[in-house]
Each structure stands twice: as C-alpha cells, then as structure tokens.
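Engineer: One structure is given below, represented as structure tokens, and several questions about it will come after.
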Amino acid sequence: MKKIYCCIVFFMMMVGYGQSKFKEGFVLDNGVSEQLAHFRKQQISNVSYDLSFEIPQQKQSEINSNLVLTLVLSDLSRPLYLDFKEQFQKIKSVQVNGKITAIVQEKGHIVIAAKDLVMGKNTVAISFIAGDLSLNRNDDYLYTLLVPDRASTMFPCLDQPDIKAVYKLSLNVPKDWSVLAGAKVKDKVDRGDFVVYTFGETDKMSTYLFSFVAGEFKSVANKPGNMEMTMLFRENDVDKIKFSIDTIFKLHDQSLDFLKKYTNYPFPFQKLDFAAIPGFQYGGMEHVGAIQYKESTLFLDNTATDSDKMDRAKLIGHETSHMWFGDLVTMKWFDDVWMKEVFANFMADKIMNPLFPKINHNLQFLTTHYPSAYAEDRSLGTHPIKQKLANLKDAGSLYGNIIYNKAPIMMRQLEASMGKEAFRKGIQKYIKKYANDNADWNNLIEILDVETPLDMQKWSAVWVNKSGRAIFTDKIEYDAQNQIKNFEIQQKAEDKSANVWPQIFQIGLVYADGIKVVDVNMSGKSIRLNELVGQPKPISVIYNYNGYGYGVFPFDSNNIESVLNLKDEVARASAYINIYENTLIGNITPVKAFGCFVKGIQQEQNELVLKIITNQTSAIFWKFLTAKQQSKAQKELEDILYERLCADLPSNIKKTVFNFFSAIAYSDLGKEKLYQIWDKENVIKGLKLNEEDYTNMAMNLAIFKHGKADKILNEARMAITNPDKLKRFDFLLPSLSKDETVRNGFMKSLKEEKNREKESWVSTALANIHHPLRQESAKKYIRFSLDLVAEIQRTGDIFFPKDWLNNTVGKYSSKYAFEEVQRFLKENPNFSPILKRKLLQATDALYRAQKIKKETE
C-alpha cells in the first residue's frame with residue numbers, strides 16, 4: 001500500500017496536479033465550487049451513466065460497484081474532474097477510453113489526465129466500493145437520498161445540477177427484495193440467493209434526482225387514470241392499508257391532471273412510481289420516476305383529522321409538482337433551490353382547491369405558511385429567499401422555512417399583483433422554453449416581465465434578494481363627530497434597513513352591524529386611505545383581514561378579545577397570528593395573549609384555526625410565562641382542555657384538543673386522567689385514537705413521571721405490531737427513562753455517527769430529553785449539543801442540523817441556556833456562519849424570552 005501511494009504522488013507531480021490550480025488561477029477545492037461548475041458546464045455534454053451495484057445480505061458488508069461513464073468533451077485544456085467524496089481505497093481501478101490509468105484523487109475529486117482524453121466522445125470505467133453516507137442502509141432495506149450534493153458520496157459523478165444525464169442501472173439484490181428506480185425493469189435474472197435487475201435508460205435528470213430503493217417491501221400497482229403507478233411500502237396495519245392505498249394513487253392522478261392543465265405541458269417522464277419509507281428524513285423527495293415519502297404521512301386510518309388528510313394530499317401535490325418544477329426545469333445552481341420548492345408548494349396549494357372543496361384554502365395557505373415563515377424571518381438568523389452559494393458542499397444550509405414558506409407567500413403576492421391569468425401564461429412559457437434544461441430566477445422574471453406592467457426587477461429586489469419583514473403602524477384621527485378624518489398606514493423594516501415590501505392586503509373595520517373590508521395596495525413606505533375619510537369610528541380595526549399581507553400589523557392590546565367575535569375564519573386566524581407576533585416584539589404581554597388564546601380554544605370550531613391557537617398557546621406557556629405564571633396557568637388550561645374534550649364536538653376538533661391535552665396534562669390529576677384514557681378505562685365519546693396515539697400518550701406519561709411509567713412503556717411496546725415502529729420505540733426508550741444516568745448515556749452515545757443514522761428518531765429522542773419538565777437535568781448537554789453541531793452538519797442530511805438545534809438548545813427559555821449560547825459563540829469566533837444562522841433561528845424564542853420575562857418580572 002505504501003509503495004502504491006508513492007507512485008501516485010510521483011505521478012501527480014509529473015502531470016502537474018500537486019498545486020491543484022487551473023490556468024485561470026482558482027484552486028481545486030473540496031466540494032464543487034462555482035468556478036469548477038462553470039468550467040465543467042462548458043467542457044462537458046451528452047453525459048450517460050451506466051451503474052451496477054451488488055447489494056449484499058448484511059448491511060455491514062461493502063457494496064461492490066461499477067460505473068461506465070460516457071460523455072463528450074469540447075475542451076482538453078484541463079483534466080476531467082469527477083466528484084467522489086470517499087476514501088481513496090474505495091476506488092479499485094480506472095480505465096479511460098479502454099486503457100487502465102493511474103488512480104489520482106484529490107480533495108474529493110478523481111482526476112482524469114487530459115492526455116488520456118480525446119476531443120469528442122470519451123468513456124471512463126471505474127470499479128469502486130459505493131460510499132455508505134447516503135445509502136440509508138437497514139437490515140432488510142435501503143434507499144438512496146442524494147440531494148443536494150450526496151451523489152458524489154456514493155458513486156463518481158459530475159455532481160452539479162446543470163449537467164443533466166441519462167442513467168442505466170443494474171442492481172444485484174437478495175432474492176426476496178423488491179426494487180424501484182427511475183426507469184422500468186428491463187430484465188430480471190435469478191442467481192441463487194440473489195436476483196439481478198436491469199433497468200432501462202432513464203429520462204434526463206440531475207445527479208441529485210437519481211435514486212433507487214431496494215428491500216423487503218410489499219408492492220402494489222394501480223391505474224387511477226391513464227397511467228399505471230407502482231408503490232412499495234412496509235406498513236402492515238390492515239386498516240391503514242385499506243383506508244389509504246386507493247386514496248394515495250388517486251391523489252397522484254388528480255395532481256397530475258391539474259399540473260398538465262395548468263402548465264399546458266404533458267407529464268414529462270416515462271413513469272411515476274413511489275415508495276413509502278419508515279422514518280424517512282423528509283416528508284418526501286421528488287426523485288424522477290421513483291418518489292420517496294415518509295410512510296407515516298401517507299398511511300392514515302379512520303382516526304385521521306381533516307388536517308392529516310390535507311397534509312397528505314399537499315405532500316403528494318408538492319412532490320408531483322416537482323416533476324415539472326425542479327425535475328423537468330431545474331435550477332442552474334443551488335442558490336436557486338428555492339425556485340423548485342416555491343413552485344412545488346405554490347402548485348400544491350392550488351391542487352388542493354378542487355380536491356377539498358369544503359376547505360377554506362386561503363385559510364389553509366395562511367396557517368401552513370405564515371407561522372413557519374415568521375419563525376425564521378423574525379430571528380437574527382434570517383436570510384433572503386435567494387442566498388449566495390460559493391460551493392455546492394454548503395447547499396444543504398440553504399434549506400429552511402424561508403424557501404418553503406416565505407417564498408410561496410412572495411409568489412402569491414406576485415400572482416395577485418400580476419393577475420392570475422398573466423402569471424399562468426408566464427409560467428407556461430417558462431416551462432416550455434426550459435424543458436429538460438436549467439434556468440434561474442432571472443430567466444423567469446424576464447418572461448414574467450413581458451406579462452405585467454410591474455417592474456419585476458425592482459419588485460424582486462426586496463422580496464427575493466432581501467431578508468426580513470415589515471412592521472406596520474397606523475395613524476388614525478377622528479373629528480368631533482367621531483368620524484375618520486385621516487387614516488394612514490406606515491411600514492418600516494424590522495431590521496432597521498430601508499427595505500419596503502410592496503404588497504396587497506385588506507383591513508376590516510368592525511362595527512356593531514357588520515364589517516367594512518377595504519383593499520390596500522401598499523407600494524411605498526406609507527399610504528393614506530382616503531376612501532375611509534368620513535366613515536364612523538369602528539369598534540376595532542383588523543389588519544391583514546384576508547391573510548395576504550406579510551409582516552407585523554397593529555393590534556389594540558386593550559381590545560385583544562375582539563378576535564373572538566370575528567366570523568371570517570381567515571380574518572380570525574390572521575388576527576391570532578398577529579397577536580402572537582405582537583407579543584414577541586413586546587406590544588402585547590404574554591399573559592394577555594395567553595388569556596385570549598385560551599378563550600379561543602374554548603369556542604373555536606375550525607380545525608385549522610384551532611391548531612394555530614393551540615400551537616401559539618403552547619409556545620407562550622412553555623417559553624414566555626414566568627414560573628409563577630406557568631404554575632397558575634397549567635391547572636386552568638388542563639381543566640379547560642379536558643372539559644372541551646368531553647363536550648359534544650366534531651371528531652377532528654376533539655383530536656386537536658386531545659393532542660394539546662396530552663402534551664400539557666402533567667399535574668397529578670391531569671396525569672391520572674391521561675392514564676385512564678391510555679388504559680381505556682375512560683373512553684371519550686367521539687375521540688378516535690390509533691396505535692400511534694397510544695404510543696405517544698405512553699411517552700408523555702413517562703416524561704410526566706407517572707407512577708406506573710415503566711409498566712406503561714412496557715405495555716406500549718408490547719402493543720406495537722409493526723417491526724419498523726418497534727425498532728423506533730426501542731431506540732426512544734432510553735430517552736424516556738426515569739433514570740437520569742440512562743438518559744445521560746443516550747446523549748453521550750450520539751457522539752458516534754452510527755447512533756445518529758435515524759435522524760427523525762434522534763430528533764424525537766432529543767425532544768424527550770430536553771422537554772421543559774426535564775431541563776434541570778438536561779441543561780448540562782446544551783454545550784455538548786452545540787459542540788457537536790458541526791459534525792452533525794458534516795454527516796447528516798439537510799434538515800438535521802436545524803432539527804438538532806431545535807430539539808436541544810431550542811427547547812429552552814432560561815437565562816442559563818442563553819448564557820451557554822453566548823459563551824459558545826464567544827469561544828468559537830470562527831464558528832461556521834451557516835451554522836450560526838441556524839443556531840440563531842433555533843434560539844429566537846430563547847433570545848426573546850430573556851427580554852420578555854425580565855419585563856414581566
């Protein structure tokens with residue numbers, strides 16, 4: 001081994017790669033820099049991957065693999081750089097145009113010397129051991145997840161979104177396994193204990209969209225419309241399977257129909273299959289021909305609420321939308337990753353309208369996007385929708401609530417400003433022009449600019465390229481007859497910048513005999529509403545009445561309960577959200593907001609509005625009430641929730657109330673009531689509970705220190721019939737233990753990467769350990785968690801660093817935790833700016849709690 005290494009170093013020196021420099025002077029770096037990506041885009045075309053993987057029975061065994069890469073080169077002034085972020089020892093051999101060549105690997109790149117290449121078509125054959133980082137291997141199944149730059153951790157490739165390619169794939173898998181990939185199975189050959197599946201050539205796609213799933217899955221095919229689809233799944237609950245499968249296929253077909261009509265472009269790929277995967281890291285991932293979903297989101301039973309059903313439909317609509325927005329038309333560089341996500345969410349919202357005709361979709365849009373967008377945009381870690389990206393290795397940091405939730409709000413404002421038909425016409429032109437290609441935001445706004453008198457460059461300069469939100473104030477004057485003589489609205493940026501967000505929203509003037517709704521088109525820092533001059537003084541003014549506006553709007557703290565009497569569901573939800581945001585910036589006290597929300601819980605009949613109220617009540621209770629206030633409020637809240645639970649209410653309202661009760665019933669009496677529900681001594685009429693609900697109750701009772709916690713957990717474990725869910729529960733058990741030393745051991749075990757593989761499980765376990773009722777014993781792990789976050793980013797998937805922070809330090813509101821964060825930042829002046837931003841997002845409530853609690857005390 002030592003002799004081979006010396007030869008390699010000598011070869012690198014001979015061919016001049018030791019300095020890692022291009023002629024232009026930029027340095028070959030780890031990851032894919034913008035400079036390398038730009039060069040390769042003009043150097044390389046007509047790319048095809050022929051890949052084979054031999055999947056062994058044991059997940060610890062290596063996966064022997066082969067690649068035959070064909071491509072056309074138009075520039076031999078520099079080497080060909082293939083990305084492979086794995087150990088040198090995993091590369092067995094390299095052949096270029098039929099000749100064996102020395103293996104040269106540098107900073108995560110396999111270097112193919114220019115002297116071995118020719119102008120025009122070239123073939124590179126590499127024998128290697130597949131990297132494990134993104135293979136998600138389990139005992140009896142595995143799946144690839146390669147977004148945004150993880151393809152190069154599994155096989156040598158050109159891992160950038162604007163070099164699209166076709167793929168041929170061969171999988172040698174254990175004989176009892178099923179397989180799914182981006183093309184149809186062309187051939188199947190039995191080889192004893194294994195089967196070799198050969199797939200046809202895929203459609204053209206970027207590397208991050210290549211995938212396969214293999215393992216012990218059930219398979220079902222269905223043809224709900226004109227296209228047959230296949231689903232792999234592992235769920236074994238008969239009721240869930242019966243209740244879900246037909247609906248899952250139908251939702252895909254309905255989404256396809258909508259998108260074909262909206263875009264005026266046919267379904268762009270050869271098939272639409274999907275796999276439901278236990279513990280999947282995301283809700284879903286839009287792999288071409290083989291979408292992957294989190295199994296628990298797809299499979300519901302008759303206990304599911306309307307929100308659960310809508311979440312499933314919206315997820316399917318989101319991933320199906322990606323077939324056009326992201327897969328067919330792909331961003332040039334990952335700084336525009338938000339474009340594929342905004343369109344997927346925006347289109348999914350539109351798809352919901354005909355699927356759920358009884359749902360208020362403006363309300364659904366508001367409750368889905370606004371709280372999540374505000375959660376990051378109000379923090380010190382906020383960022384623009386479009387972010388700068390110098391190297392693809394940092395692309396995972398771009399994901400978050402700004403691109404998933406603020407961007408759809410921006411897009412809806414744009415559509416409202418342009419008009420729906422003009423907007424749709426522009427989108428159709430965009431899809432047609434850039435089909436099977438790559439495009440950026442500038443390409444889109446050039447098209448939209450033609451369809452609207454709106455100055456798209458100026459409009460997007462603040463909405464897309466600037467961070468933050470507006471804080472609105474008003475100036476209302478009345479004459480001697482109590483009539484409005486002046487009504488002005490002003491906006492200023494929360495971050496004190498000069499940014500102004502042009503936007504459309506409504507205000508509602510509340511009178512005893514009705515509400516006068518007024519449209520506001522605010523293009524500058526202020527606007528005077530002359531049409532209101534002469535109107536009588538209203539009882540109250542409800543800003544953002546239609547839920548379109550973005551920012552914090554005025555709210556009269558002395559008239560806070562006016563929200564309770566609003567008949568319009570959107571106006572009511574918007575007002576509740578606005579009360580919460582005003583509380584966080586200090587305009588309303590937590591106690592006053594909490595009291596209003598509790599009254600809202602007592603009378604709210606809309607599930608979506610109720611979810612908003614319960615979430616905000618929970619946040620204020622745990623984060624912003626003092627210990628004394630919390631002690632007083634807990635018993636009152638617990639009693640109100642239980643009383644509401646026993647009332648004659650629709651099942652979906654009961655389920656929403658129950659979920660909150662289960663999370664807050666930690667008094668002695670509350671624990672006993674919860675135990676009686678868990679033990680089925682008390683069957684509450686109209687409350688539909690399933691296996692997961694009973695498991696969650698058991699976990700809550702353990703955290704609440706119920707006297708029978710050990711017995712409860714043991715019985716809960718025995719009741720689990722799904723082997724994947726049983727493994728999850730066993731993983732979580734140490735985090736639920738009443739023994740602090742067991743919990744300590746679990747926390748310390750997370751230092752090892754192998755113990756963090758199931759990221760969604762880890763996030764739940766961390767939330768158990770750092771639950772507000774356990775923070776006195778867990779706070780010693782705040783610094784441990786902060787010190788480990790850089791490693792979490794290196795080894796985890798894109799959402800894991802933020803989830804890790806949310807469920808550790810992000811659970812706290814104490815002065816101790818705040819000081820730990822400050823100490824960590826002071827002692828780590830070179831801490832990654834990317835991770836610092838995530839940390840500031842996760843600890844926004846912690847930062848605000850210091851000021852809010854101090855003022856309260």
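Ligands are numbered from 1 in the order shown, residues from 1 within each chain, and chains are lettered A, B, ... in the order they appear in the structure tokens.
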Tell me, as a list in words, which residues lie within 7 Å of A:Leu232, counting only C-alpha atoms; anything in the same chain fewer than 5 positions away does not count.
Structural biologist: Phe217, Lys218, Ser219, Val220, Phe274, Ala275 and Ala276 of chain A
Engineer: Would you return as a ChimeraX atom specification the members of stretch 617-829 of chain A that DSSP assigns to alpha helix (DSSP H) on this structure's backbone?
Structural biologist: /A:617-619,627-645,651-664,668-678,691-703,709-719,723-736,740-749,759-769,775-778,782-795,800-806,815-827
Engineer: Taking only C-alpha atoms into account, name the residue in A:Asp568, A:Asn828, A:Lys204, A:Leu835 that is nearest to A:Phe799.
Structural biologist: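 So, comparing all the options, the nearest one is A:Leu835.
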Engineer: With a distance cut-off of 12 Å and only C-alpha atoms, select the neighbouring residues of stretch 474-479 of chain A, excluding the residue or stretch itself and same-chain residues fewer than 4 positions from it, and output the selection as JSON, numbers by chain.
Structural biologist: {"A": [483, 484, 485, 486, 487, 488, 489, 490, 491, 492, 507, 525, 526, 527, 528, 529, 530, 532, 533, 534, 535, 536, 537, 538, 540, 541, 542, 543, 552, 553, 554, 555, 556]}
Engineer: Residues within 10 Å of A:Tyr781, please, as a PyMOL selection string. Count only C-alpha atoms; anything in the same chain fewer than 6 positions from it doesn't count.
Structural biologist: chain A and resi 744+747-748+769-770+775+787+808-809
Engineer: Take the residues from that selection and put them in a file with N, CA and C atoms, as a tab-separated table (two decimals), in the first residue's frame.
Structural biologist:
```
chain	number	residue	atom	x	y	z
A	744	ASN	N	-28.45	10.13	30.30
A	744	ASN	CA	-27.10	10.66	30.08
A	744	ASN	C	-26.31	9.77	29.11
A	747	MET	N	-27.47	10.38	25.55
A	747	MET	CA	-26.94	11.62	24.98
A	747	MET	C	-25.49	11.44	24.55
A	748	LYS	N	-24.70	10.82	25.40
A	748	LYS	CA	-23.28	10.62	25.08
A	748	LYS	C	-23.10	9.70	23.88
A	769	ILE	N	-35.62	14.23	25.93
A	769	ILE	CA	-34.61	14.52	26.94
A	769	ILE	C	-34.62	15.99	27.36
A	770	HIS	N	-34.83	16.87	26.38
A	770	HIS	CA	-34.79	18.32	26.66
A	770	HIS	C	-36.18	18.91	26.84
A	775	GLN	N	-35.53	19.89	32.00
A	775	GLN	CA	-34.38	20.70	31.59
A	775	GLN	C	-33.35	20.90	32.69
A	787	ASP	N	-21.35	21.90	20.66
A	787	ASP	CA	-20.02	21.49	20.19
A	787	ASP	C	-20.11	20.44	19.09
A	808	THR	N	-32.62	20.63	21.01
A	808	THR	CA	-31.71	20.72	22.15
A	808	THR	C	-31.83	22.13	22.73
A	809	VAL	N	-30.93	23.01	22.38
A	809	VAL	CA	-30.95	24.36	22.94
A	809	VAL	C	-32.21	25.13	22.57
```
Engineer: Please identify all polymer residues within 6 Å of stretch 171-174 of chain A, counting only C-alpha atoms, omitting same-chain residues fewer than 2 positions from it, and present them as number ranges by chain.
Structural biologist: A: 52-55, 176-177, 193-197
Engineer: Give me, please, the distance in Å between atom CA of A:Tyr580 and atom CA of A:Leu366, quoted to one decimal.
Structural biologist: 14.4 Å
Engineer: Could you give me, as a PDB file with all heavy atoms, in the first residue's frame, the residues within 7 Å of A:His252, counting only C-alpha atoms and dropping anything in the same chain fewer than 3 positions from it?
Structural biologist:
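Saved as around04.pdb:
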```
ATOM      1  N   ILE A 248     -54.166   7.228  -2.022  1.00  0.00           N
ATOM      2  CA  ILE A 248     -52.807   7.642  -2.391  1.00  0.00           C
ATOM      3  C   ILE A 248     -52.649   7.693  -3.911  1.00  0.00           C
ATOM      4  O   ILE A 248     -52.133   8.667  -4.466  1.00  0.00           O
ATOM      5  CB  ILE A 248     -51.763   6.688  -1.757  1.00  0.00           C
ATOM      6  CG1 ILE A 248     -51.736   6.858  -0.237  1.00  0.00           C
ATOM      7  CG2 ILE A 248     -50.373   6.952  -2.339  1.00  0.00           C
ATOM      8  CD1 ILE A 248     -50.961   5.765   0.481  1.00  0.00           C
ATOM      9  N   PHE A 249     -53.096   6.645  -4.571  1.00  0.00           N
ATOM     10  CA  PHE A 249     -52.993   6.615  -6.039  1.00  0.00           C
ATOM     11  C   PHE A 249     -53.871   7.691  -6.672  1.00  0.00           C
ATOM     12  O   PHE A 249     -53.470   8.373  -7.622  1.00  0.00           O
ATOM     13  CB  PHE A 249     -53.371   5.234  -6.569  1.00  0.00           C
ATOM     14  CG  PHE A 249     -52.286   4.208  -6.432  1.00  0.00           C
ATOM     15  CD1 PHE A 249     -52.305   3.281  -5.408  1.00  0.00           C
ATOM     16  CD2 PHE A 249     -51.244   4.166  -7.343  1.00  0.00           C
ATOM     17  CE1 PHE A 249     -51.304   2.332  -5.277  1.00  0.00           C
ATOM     18  CE2 PHE A 249     -50.230   3.223  -7.241  1.00  0.00           C
ATOM     19  CZ  PHE A 249     -50.263   2.298  -6.198  1.00  0.00           C
ATOM     20  N   SER A 255     -53.357  15.149  -8.968  1.00  0.00           N
ATOM     21  CA  SER A 255     -52.275  16.136  -9.043  1.00  0.00           C
ATOM     22  C   SER A 255     -51.723  16.224 -10.461  1.00  0.00           C
ATOM     23  O   SER A 255     -51.473  17.320 -10.985  1.00  0.00           O
ATOM     24  CB  SER A 255     -51.154  15.767  -8.059  1.00  0.00           C
ATOM     25  OG  SER A 255     -51.615  15.799  -6.727  1.00  0.00           O
ATOM     26  N   LEU A 256     -51.525  15.078 -11.089  1.00  0.00           N
ATOM     27  CA  LEU A 256     -51.038  15.052 -12.472  1.00  0.00           C
ATOM     28  C   LEU A 256     -51.990  15.791 -13.408  1.00  0.00           C
ATOM     29  O   LEU A 256     -51.559  16.587 -14.255  1.00  0.00           O
ATOM     30  CB  LEU A 256     -50.875  13.610 -12.952  1.00  0.00           C
ATOM     31  CG  LEU A 256     -49.679  12.818 -12.409  1.00  0.00           C
ATOM     32  CD1 LEU A 256     -49.774  11.370 -12.872  1.00  0.00           C
ATOM     33  CD2 LEU A 256     -48.366  13.427 -12.858  1.00  0.00           C
ATOM     34  N   ILE A 316     -48.298  15.019  -1.469  1.00  0.00           N
ATOM     35  CA  ILE A 316     -48.324  14.364  -2.775  1.00  0.00           C
ATOM     36  C   ILE A 316     -48.360  15.410  -3.886  1.00  0.00           C
ATOM     37  O   ILE A 316     -47.662  15.281  -4.904  1.00  0.00           O
ATOM     38  CB  ILE A 316     -49.526  13.407  -2.864  1.00  0.00           C
ATOM     39  CG1 ILE A 316     -49.285  12.191  -1.959  1.00  0.00           C
ATOM     40  CG2 ILE A 316     -49.774  12.953  -4.309  1.00  0.00           C
ATOM     41  CD1 ILE A 316     -50.484  11.284  -1.793  1.00  0.00           C
ATOM     42  N   THR A 320     -45.380  15.775  -6.665  1.00  0.00           N
ATOM     43  CA  THR A 320     -45.791  15.633  -8.067  1.00  0.00           C
ATOM     44  C   THR A 320     -45.500  16.910  -8.840  1.00  0.00           C
ATOM     45  O   THR A 320     -45.071  16.867 -10.003  1.00  0.00           O
ATOM     46  CB  THR A 320     -47.282  15.277  -8.157  1.00  0.00           C
ATOM     47  OG1 THR A 320     -47.564  14.160  -7.311  1.00  0.00           O
ATOM     48  CG2 THR A 320     -47.672  14.916  -9.587  1.00  0.00           C
TER      49      THR A 320
END
```
Engineer: Any chance you could tabulate, as CSV, the residues of stretch 307-405 of chain A at most 8 Å from stretch 419-436 of chain A with each one's nearest atom pair and distance in Å to one decimal, using only C-alpha atoms, in chain and rising number order?
Structural biologist:
```
residue,atom,partner,partner_atom,distance
A:Trp324,CA,A:Ile431,CA,7.5
A:Asp327,CA,A:Asn436,CA,7.9
A:Leu328,CA,A:Asn436,CA,5.0
A:Val329,CA,A:Ala435,CA,5.3
A:Thr330,CA,A:Asn436,CA,7.8
```
Engineer: Can you pull out the residues contacting A:Leu649? Cut-off 12 Å, using only C-alpha atoms, and skip same-chain residues under 6 positions away; I want them as a ChimeraX atom specification.
Structural biologist: /A:602-607,643,655-658,684-687
Engineer: Put those residues in a file: N, CA, C and O atoms, as a PDB file, in the first residue's frame.
Structural biologist:
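Result went into again_7.pdb, see below:
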```
ATOM      1  N   GLN A 602     -61.630  27.586  23.760  1.00  0.00           N
ATOM      2  CA  GLN A 602     -62.930  27.208  24.318  1.00  0.00           C
ATOM      3  C   GLN A 602     -64.090  27.317  23.324  1.00  0.00           C
ATOM      4  O   GLN A 602     -65.113  26.666  23.497  1.00  0.00           O
ATOM      5  N   GLN A 603     -63.893  28.137  22.276  1.00  0.00           N
ATOM      6  CA  GLN A 603     -65.020  28.333  21.371  1.00  0.00           C
ATOM      7  C   GLN A 603     -64.726  28.029  19.910  1.00  0.00           C
ATOM      8  O   GLN A 603     -65.646  27.983  19.095  1.00  0.00           O
ATOM      9  N   GLU A 604     -63.471  27.772  19.545  1.00  0.00           N
ATOM     10  CA  GLU A 604     -63.117  27.619  18.136  1.00  0.00           C
ATOM     11  C   GLU A 604     -63.687  26.333  17.548  1.00  0.00           C
ATOM     12  O   GLU A 604     -63.557  25.254  18.120  1.00  0.00           O
ATOM     13  N   GLN A 605     -64.299  26.449  16.359  1.00  0.00           N
ATOM     14  CA  GLN A 605     -64.920  25.316  15.692  1.00  0.00           C
ATOM     15  C   GLN A 605     -64.210  24.924  14.389  1.00  0.00           C
ATOM     16  O   GLN A 605     -64.617  23.969  13.737  1.00  0.00           O
ATOM     17  N   ASN A 606     -63.187  25.669  14.006  1.00  0.00           N
ATOM     18  CA  ASN A 606     -62.447  25.358  12.786  1.00  0.00           C
ATOM     19  C   ASN A 606     -61.121  24.703  13.154  1.00  0.00           C
ATOM     20  O   ASN A 606     -60.333  25.260  13.924  1.00  0.00           O
ATOM     21  N   GLU A 607     -60.866  23.529  12.603  1.00  0.00           N
ATOM     22  CA  GLU A 607     -59.664  22.770  12.974  1.00  0.00           C
ATOM     23  C   GLU A 607     -58.373  23.516  12.671  1.00  0.00           C
ATOM     24  O   GLU A 607     -57.441  23.525  13.478  1.00  0.00           O
ATOM     25  N   GLU A 643     -62.406  19.645  29.762  1.00  0.00           N
ATOM     26  CA  GLU A 643     -63.827  19.973  29.643  1.00  0.00           C
ATOM     27  C   GLU A 643     -64.237  20.047  28.169  1.00  0.00           C
ATOM     28  O   GLU A 643     -65.290  19.550  27.777  1.00  0.00           O
ATOM     29  N   LYS A 655     -59.858  15.701  18.401  1.00  0.00           N
ATOM     30  CA  LYS A 655     -58.498  15.159  18.254  1.00  0.00           C
ATOM     31  C   LYS A 655     -57.461  16.271  18.437  1.00  0.00           C
ATOM     32  O   LYS A 655     -56.424  16.064  19.082  1.00  0.00           O
ATOM     33  N   THR A 656     -57.727  17.449  17.904  1.00  0.00           N
ATOM     34  CA  THR A 656     -56.797  18.575  18.046  1.00  0.00           C
ATOM     35  C   THR A 656     -56.689  18.993  19.506  1.00  0.00           C
ATOM     36  O   THR A 656     -55.594  19.245  20.013  1.00  0.00           O
ATOM     37  N   VAL A 657     -57.842  19.052  20.204  1.00  0.00           N
ATOM     38  CA  VAL A 657     -57.843  19.395  21.627  1.00  0.00           C
ATOM     39  C   VAL A 657     -57.114  18.319  22.430  1.00  0.00           C
ATOM     40  O   VAL A 657     -56.311  18.617  23.321  1.00  0.00           O
ATOM     41  N   PHE A 658     -57.363  17.051  22.077  1.00  0.00           N
ATOM     42  CA  PHE A 658     -56.720  15.957  22.807  1.00  0.00           C
ATOM     43  C   PHE A 658     -55.196  16.007  22.670  1.00  0.00           C
ATOM     44  O   PHE A 658     -54.477  15.774  23.644  1.00  0.00           O
ATOM     45  N   ILE A 684     -63.621   8.309  25.710  1.00  0.00           N
ATOM     46  CA  ILE A 684     -64.299   9.576  25.459  1.00  0.00           C
ATOM     47  C   ILE A 684     -65.049   9.501  24.139  1.00  0.00           C
ATOM     48  O   ILE A 684     -64.462   9.196  23.093  1.00  0.00           O
ATOM     49  N   LYS A 685     -66.330   9.775  24.232  1.00  0.00           N
ATOM     50  CA  LYS A 685     -67.192   9.684  23.065  1.00  0.00           C
ATOM     51  C   LYS A 685     -66.714  10.629  21.960  1.00  0.00           C
ATOM     52  O   LYS A 685     -66.457  11.807  22.197  1.00  0.00           O
ATOM     53  N   GLY A 686     -66.597  10.076  20.741  1.00  0.00           N
ATOM     54  CA  GLY A 686     -66.222  10.894  19.586  1.00  0.00           C
ATOM     55  C   GLY A 686     -64.731  11.111  19.412  1.00  0.00           C
ATOM     56  O   GLY A 686     -64.304  11.702  18.424  1.00  0.00           O
ATOM     57  N   LEU A 687     -63.915  10.596  20.357  1.00  0.00           N
ATOM     58  CA  LEU A 687     -62.461  10.745  20.250  1.00  0.00           C
ATOM     59  C   LEU A 687     -61.876   9.480  19.637  1.00  0.00           C
ATOM     60  O   LEU A 687     -61.912   8.409  20.236  1.00  0.00           O
TER      61      LEU A 687
END
```
Engineer: Among stretch 65-218 of chain A, which ones does DSSP assign to strand (DSSP E) (computed from the backbone)? Answer as a ChimeraX atom specification.
Structural biologist: /A:65-73,80-83,91-96,99-101,105-106,109-112,120-129,141-143,165-174,178-181,185-191,194-199,212-215,218
Engineer: I need the residue nearest A:His369 from this list: A:Asp639, A:Asp140, A:Asp349, A:Asp739. Use only C-alpha atoms for the distance.
Structural biologist: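 Looking only at the distances to A:His369, the closest residue turns out to be A:Asp349.
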Engineer: Of the candidates A:Asn521, A:Ser379, A:Asn443, A:Thr101, which one gets nearest to A:Gln413 if we count only C-alpha atoms?
Structural biologist: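 Checking each of A:Asn521, A:Ser379, A:Asn443, A:Thr101 against A:Gln413, counting only C-alpha atoms, the winner is A:Asn521.
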Engineer: With only C-alpha atoms as the atoms that count, which of A:Tyr49, A:Phe597, A:Phe39, A:Phe258 lies nearest to A:Arg78?
Structural biologist: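 Of A:Tyr49, A:Phe597, A:Phe39, A:Phe258, the one nearest A:Arg78, counting only C-alpha atoms, is A:Phe39.
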Engineer: Which is closer to A:Trp622 than all the others in A:Met456, A:Ile664, A:Val500, A:Ile579, using only C-alpha atoms?
Structural biologist: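 Checking each candidate against A:Trp622, we get A:Ile664 as the closest.
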Engineer: In Å, how far is it from atom CA of A:Ser74 to atom CA of A:Gln42?
Structural biologist: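 Taking atom CA of A:Ser74 as the start and atom CA of A:Gln42 as the end point, the length is 7.6 Å.
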Engineer: Measuring atom to atom with only C-alpha atoms, identify which of A:Glu691, A:Leu733, A:Ala221, A:Ser749 is nearest to A:Asp710.
Structural biologist: A:Leu733
